[in-house]
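Colleague: Here's a structure for you.
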Amino acid sequence: MSKDLLFELGTEEIPPAYLPRVGQNFLDDLEGGLDKRRLDHSDMELFYTPRRIAVRVNDLVESQPDVVEKHRGPSQEIGTDDDGEFAIPAQKFAEGHGASVEDLVIEDTEEGSYFFVEEQKEGRGATEVVPELINDIIHNLAQPETMRWDDSDLEFIRPIRWALCIYGNEPLRFTIGNIEASGVTRGHRFHGNESIEIVSPDSYEDELKKNFVIPDPEERFGYMKERVDERMSELSAEMAVDEGFLRSLSNSLEYPSILDGSFPEGYLNLPAELLFKTLTGEARLIPLVDPETGTALSLFIGFRDGVEDDMEDIKRGYESVINARLRDSKFFFEHDREKSLESFLPELRKVTFQENLGSIWDKVERVRALAEEIGSSLSLDDLEMINRTVTLCKGDLVTEVVDEFPSLEGVIGSYYAKLDGERELVVQGIREHYRPRSTGDDTPDTVSGAVASIADKLDTLTGSFLIGEEPTGTRDPYGLRRKADGVLRTIIDNRLVLDLPGLVEFSGDQFSLETDVPFGERLRGYLEERTSSVLERVYGFDYDVVDAVMANYEGDAYESYRRAGSLQGFKDKPELKRLVDSFTRVMNILDEERSEDEVNSELMELEEELTLWKEASKKADKLEDLAKEHRYEEVIEHLLELKGPIDDYFDNVMVMADDAKKRNNRLNLLANLRNLFMNVGDLSRIITD
Amino acid sequence: MNLQELITSLEEYWLEHGCLIIQPYDVETGAGTFNPGTFFGSLGPDPLKVGYVEPSRRPPDGRYGKNPIRVRLHHQYQVILKPPPEEIQSLYLGSLEHIGIDLSEHDVRFVDDNWESPSLGARGTGWEVWIDGLEITQFTYFQRVGGIDLQPVCVELAYGLERIATFIQKVESVYDLSWNDELTYRRVFQEKERQFSTYNFNVADVDNNIELFEIAEGEAKSCLEEGLFYPAYDMTLKAAHYFNILLARNAISVTEREKYIARIRKLAGGIASEYVESLEGYSSEQRPII
């Protein structure tokens with residue numbers, strides 16, 4: 001027999017950013033717990049609002065299945081007395097499992113003969129197991145933060161105020177901390193009943209909806225999205241936020257009712273990002289743009305938690321609040337604009353970049369030197385503008401707007417630079433130099449942004465490695481992995497040929513810090529590791545292609561990327577697979593250390609030997625030239641031509657000859673061949689199934 | 001409802017609900033949290049309900065009396081409930097009904113906003129309470145004060161009186177508020193805002209204020225050595241006030257700011273431990289409560 005179970009935990013308002021995760025963790029723990037306790041069921045449904053997390057378990061069996069447990073007791077020797085009767089240890093053993101000595105059997109095991117008893121374990125009822133399980137879950141649930149609110153030992157994300165538990169048509173009553181689970185829930189705080197009896201699990205949603213709570217998060221989100229779409233088309237407007245914002249809003253309400261309002265058009269003169277941030281930030285309103293032009297409108301959409309009455313008054317309330325916030329933003333903006341971006345720079349001396357690594361201004365000076373080094377190594381024409389970009393790029397950190405809206409760093413500096421009449425490349429560079437901010441973010445498009453971004457991030461990496469703050473597999477408090485990946489992606493996307501190890505050394509020299517930490521070596525290793533990861537994860541090359549290419553990594557990420565691209569293009573061609581097999585024979589016979597000593601053709605006595613040598617020598621210079629020009633496809637085409645000679649060589653030549661001179665000469669020939677291949681990579685690492 | 005009626009009405013509500021009603025503290029504070037009623041009140045083991053108005057000085061928020069909502073000195077109504085009753089949220093919402101707001105006609109929200117006071121070594125979990133988008137109260141379950149984990153925990157309700165009044169009186173600017181039926185907030189406070197803003201931002205002598213901070217800190221330490229945690233606390237409040245003036249004067253770099261805060265926190269932590277330890281030495285009739 002099975003019945004549906006519904007459990008709802010009533011809380012004070014759970015933060016929307018955490019609600020879905022906490023809900024999902026609860027569902028997962030319940031599913032795992034029921035499974036472990038052998039309580040079968042069909043599907044499970046999750047519900048949540050800021051004030052409740054609920055799960056419905058459909059067709060939950062009434063009890064665990066009965067099981068027979070077999071226990072081993074004392075050995076036959078210990079369990080039998082001198083008369084052959086059951087001795088005390090055997091009697092105790094039987095008693096301990098609720099059996100009599102007659103139930104004991106003797107069985108032979110590898111360790112000798114032992115007493116055994118079979119115990120019939122009756123499955124426990126769901127009504128007994130579920131309360132224990134739920135208590136266990138609530139006490140141990142993984143949550144982003146917890147708090148205390150009363151004298152119970154419970155800690156939870158927010159105070160728990162009620163619990164509803166229905167199994168079949170009966171409430172399950174049990175204690176959680178200081179509260180009693182019962183058959184009663186609560187409706188919307190202002191519009192619903194304070195006490196709603198739920199008679200069966202399947203009436204849960206309907207009862208709550210009657211009381212102005214939409215418990216299903218998907219339904220609530222869908223409902224809001226429809227309202228927003230309708231309203232946008234009425235207003236001929238489009239949202240300036242993504243659906244994630246709307247989803248987060250949907251997790252902060254039990255019963256959404258839409259409203260729209262406006263603000264004075266004068267605020268449209270503010271930078272769009274500042275305007276949007278003011279609306280979406282603490283006010284959590286949806287900014288709107290003209291769908292044709294993409295420019296901001298002096299309108300917003302919001303939601304009320306409650307019924308669709310009194311909306312005019314509520315809308316006026318929101319308008320007056322957003323008006324005040326916009327006035328503040330305008331005040332900050334105008335106050336900042338009383339002086340130029342450049343005149344903020346001296347303030348940067350007072351802001352610490354990181355303990356032991358000086359001020360932000362110290363950082364700017366290091367980054368400027370590094371950017372210049374990068375710029376000259378790339379023979380760029382725009383050195384002066386790159387220099388200007390770096391000089392100004394952190395200036396907005398001490399402005400009032402960034403103090404109020406930290407996520408506008410870079411963006412607002414860029415506006416100020418434009419208003420100051422800085423050149424476009426500088427303006428764009430300042431905006432772009434934080435990019436990529438995340439894995440999904442674009443890399444800089446302008447040369448000034450790209451160089452400033454690389455230099456800024458590399459400086460942070462060098463500094464952190466210098467003071468021993470390296471990221472580990474589990475700990476990366478400064479987000480260094482993202483920074484390293486950002487450097488590499490920026491280099492690759494902008495096709496920059498840079499000597500990373502050299503730059504790491506140059507960057508290290510900019511810090512006036514004495515250290516025993518071999519930070520340069522470690523950072524170079526880290527960047528190499530990240531290059532492999534980025535080539536595979538971001539650019540989608542197969543791991544064996546990356547492996548082959550990185551076997552010949554010399555610190556030029558873009559070059560590695562190009563070789564990987566060429567090799568990937570050949571990977572599925574049968575001729576490459578055959579070449580890999582041939583080359584693998586070369587690699588198998590060579591020690592890692594063998595260097596390419598002079599080959600003496602006079603020591604060659606077999607035709608195949610001589611042929612391979614001639615073919616390889618003919619190609620050596622050619623391939624090196626092609627590689628220098630990054631024409632790796634052509635390199636591979638040439639290598640393919642060597643397949644025949646290599647195979648003939650191995651079929652006819654005994655490399656490990658008894659004569660040491662001959663043997664060495666043959667190995668040297670193969671080492672030369674290996675170097676030829678290394679123009680692309682270690683092809684023996686390609687998996688050819 | 002004018003502002004003084006609003007205060008009276010809140011006071012009446014919390015009086016009815018058994019609060020000890022005390023007066024604003026006579027040393028400068030930045031928020032009701034700094035009043036001894038909250039700092040000491042939250043720490044001991046005994047149940048406590050307390051309510052009071054607190055004029056809260058925040059020199060950096062000054063706008064020379066020109067900004068309609070930002071002021072250097074605003075008024076909080078502060079309530080501490082230890083331990084918080086189970087129906088604490090309804091009890092709080094009841095106070096809003098009591099001052100005449102029909103909650104079912106508005107959009108009332110509890111928007112997550114955890115609170116932390118690095119200088120008091122205090123933190124709590126809670127919300128800002130919104131009415132039609134306007135933040136009117138900070139509602140916090142204090143978890144820790146003066147570096148000590150609270151047992152029992154308490155709830156702090158910090159009502160922003162000017163905010164609530166602008167909402168009730170439907171005015172855009174605090175200066176248009178009626179303090180009573182005859183006098184506006186403008187008459188009572190605007191010139192003070194102008195003068196204090198000018199002092200805090202332009203006139204306050206940086207070196208003198210640094211010295212005042214250090215004198216107050218020194219006095220607090222001497223008091224603490226003698227086990228005099230109450231005078232030590234007053235001196236700590238003074239130090240915190242001079243620090244706030246230095247902040248307004250923009251005389252402190254970010255790094256130095258952290259160091260100053262750490263110095264205040266150290267005093268607050270010392271006072272909290274001294275206080276909690278001393279409570280064990282009193283009989284239950286004599287034990288200080290705030």
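Naming works like this for the structure tokens: A, B, ... for the chains as they're shown, residue 1 at the start of each chain, ligands 1 onward in shown order.
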Output the contact residues of chain A with respect to chain B at a cut-off of 7 Å, based on only C-alpha atoms, as a list in words.
Modeller: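 Matching residues, ligands excluded from the count: Glu13, Pro15, Met147, Trp149, Asp150, Asp151, Phe190, His191, Ala283, Arg304, Asp305, Gly306, Asp310, Ile314, Gly317, Tyr318, Val321, Lys350, Val351 and Thr352 of chain A.
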Colleague: For the residues in that selection, give me N, CA and C atoms as a tab-separated table (two decimals), in the first residue's frame.
Modeller:
chain	number	residue	atom	x	y	z
A	13	GLU	N	11.19	34.95	5.86
A	13	GLU	CA	11.61	35.10	4.46
A	13	GLU	C	13.04	34.63	4.17
A	15	PRO	N	16.22	34.37	1.69
A	15	PRO	CA	16.73	35.21	0.60
A	15	PRO	C	16.54	34.53	-0.76
A	147	MET	N	21.50	30.46	11.00
A	147	MET	CA	21.34	31.38	12.12
A	147	MET	C	20.63	30.66	13.27
A	149	TRP	N	17.62	31.34	16.37
A	149	TRP	CA	16.54	32.28	16.66
A	149	TRP	C	15.81	31.96	17.96
A	150	ASP	N	16.02	30.74	18.50
A	150	ASP	CA	15.39	30.43	19.78
A	150	ASP	C	16.33	29.54	20.59
A	151	ASP	N	15.79	28.94	21.65
A	151	ASP	CA	16.69	28.17	22.52
A	151	ASP	C	16.81	26.71	22.10
A	190	PHE	N	-0.76	38.82	4.23
A	190	PHE	CA	-1.75	39.89	4.37
A	190	PHE	C	-3.10	39.57	3.73
A	191	HIS	N	-3.12	38.59	2.82
A	191	HIS	CA	-4.37	38.36	2.11
A	191	HIS	C	-4.97	36.97	2.36
A	283	ALA	N	16.56	48.60	-5.38
A	283	ALA	CA	15.14	48.79	-5.63
A	283	ALA	C	14.50	47.58	-6.33
A	304	ARG	N	4.35	43.72	-6.98
A	304	ARG	CA	3.91	43.80	-5.60
A	304	ARG	C	3.67	42.39	-5.12
A	305	ASP	N	3.99	42.10	-3.87
A	305	ASP	CA	3.65	40.79	-3.32
A	305	ASP	C	2.26	40.90	-2.69
A	306	GLY	N	1.25	40.49	-3.47
A	306	GLY	CA	-0.11	40.58	-2.95
A	306	GLY	C	-1.11	40.72	-4.08
A	310	ASP	N	-5.33	48.37	-5.01
A	310	ASP	CA	-4.56	49.52	-4.50
A	310	ASP	C	-3.26	49.74	-5.27
A	314	ILE	N	0.47	52.05	-4.55
A	314	ILE	CA	1.72	51.32	-4.41
A	314	ILE	C	2.71	51.78	-5.48
A	317	GLY	N	4.26	54.93	-4.54
A	317	GLY	CA	5.30	54.69	-3.54
A	317	GLY	C	6.62	54.32	-4.22
A	318	TYR	N	6.55	53.37	-5.16
A	318	TYR	CA	7.77	52.95	-5.86
A	318	TYR	C	8.37	54.10	-6.65
A	321	VAL	N	10.24	56.34	-4.35
A	321	VAL	CA	11.50	55.74	-3.90
A	321	VAL	C	12.55	55.80	-5.01
A	350	LYS	N	46.19	56.03	-1.64
A	350	LYS	CA	45.67	55.76	-0.29
A	350	LYS	C	44.91	54.44	-0.23
A	351	VAL	N	44.71	53.82	-1.38
A	351	VAL	CA	43.93	52.58	-1.39
A	351	VAL	C	44.87	51.39	-1.53
A	352	THR	N	44.79	50.48	-0.57
A	352	THR	CA	45.67	49.31	-0.61
A	352	THR	C	45.21	48.35	-1.69
Colleague: Give me, as an MDAnalysis selection string, the residues of segment 69-228 of chain B that a backbone DSSP run labels strand (DSSP E).
Modeller: chainID B and resid 73:82 108:112 115:117 122:131 134:145 148:160
Colleague: Pick out the residues sitting within 12 Å of Glu132 of chain A, and hand them over as a ChimeraX atom specification; count only C-alpha atoms, and ignore anything fewer than 6 positions along from it in its own chain.
Modeller: /A:30,33-34,37,124-126,138-139,172-176
Colleague: Could you write those residues out with C-alpha atoms, as a JSON list (two decimals), in the first residue's frame?
Modeller:
[["chain", "number", "residue", "atom", "x", "y", "z"],
["A", 30, "LEU", "CA", 14.74, 13.54, 1.24],
["A", 33, "GLY", "CA", 17.06, 9.41, 2.78],
["A", 34, "LEU", "CA", 13.95, 7.54, 1.65],
["A", 37, "ARG", "CA", 15.62, 3.67, 4.39],
["A", 124, "ARG", "CA", 9.21, 0.03, 10.12],
["A", 125, "GLY", "CA", 6.24, 2.13, 9.15],
["A", 126, "ALA", "CA", 6.63, 5.30, 7.09],
["A", 138, "ILE", "CA", 16.58, 19.81, 8.73],
["A", 139, "HIS", "CA", 19.36, 19.55, 11.28],
["A", 172, "LEU", "CA", 1.66, 13.43, 10.79],
["A", 173, "ARG", "CA", 2.41, 15.08, 14.10],
["A", 174, "PHE", "CA", 5.97, 15.34, 15.34],
["A", 175, "THR", "CA", 8.42, 17.82, 16.83],
["A", 176, "ILE", "CA", 11.04, 19.85, 14.98]]
Colleague: Residues near segment 503-509 of chain A, anyone? I mean within 12 Å using only C-alpha atoms, not counting same-chain ones fewer than 6 positions away, as a PyMOL selection string.
Modeller: chain A and resi 357+363+365-377+454-467+484+487+497+515+517-527+555-556
Colleague: As a PyMOL selection string, please: every residue in segment 34-248 of chain B that DSSP puts in helix (DSSP H, G or I).
Modeller: chain B and resi 34+36-43+59-61+88-98+103-105+118-120+161-169+174-176+185-203+206-225+229-248
Colleague: Could you check which of A:Lys418, A:Arg349, A:Lys661, A:Arg158 is closest to Tyr18 of chain A, using only C-alpha atoms?
Modeller: A:Arg158
Colleague: Taking into account only C-alpha atoms, which residue in the set B:Ser117, B:Asn209, B:Asn250, B:Gln4 is nearest to Leu177 of chain B?
Modeller: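 With only C-alpha atoms as the atom set, the closest residue is B:Gln4.
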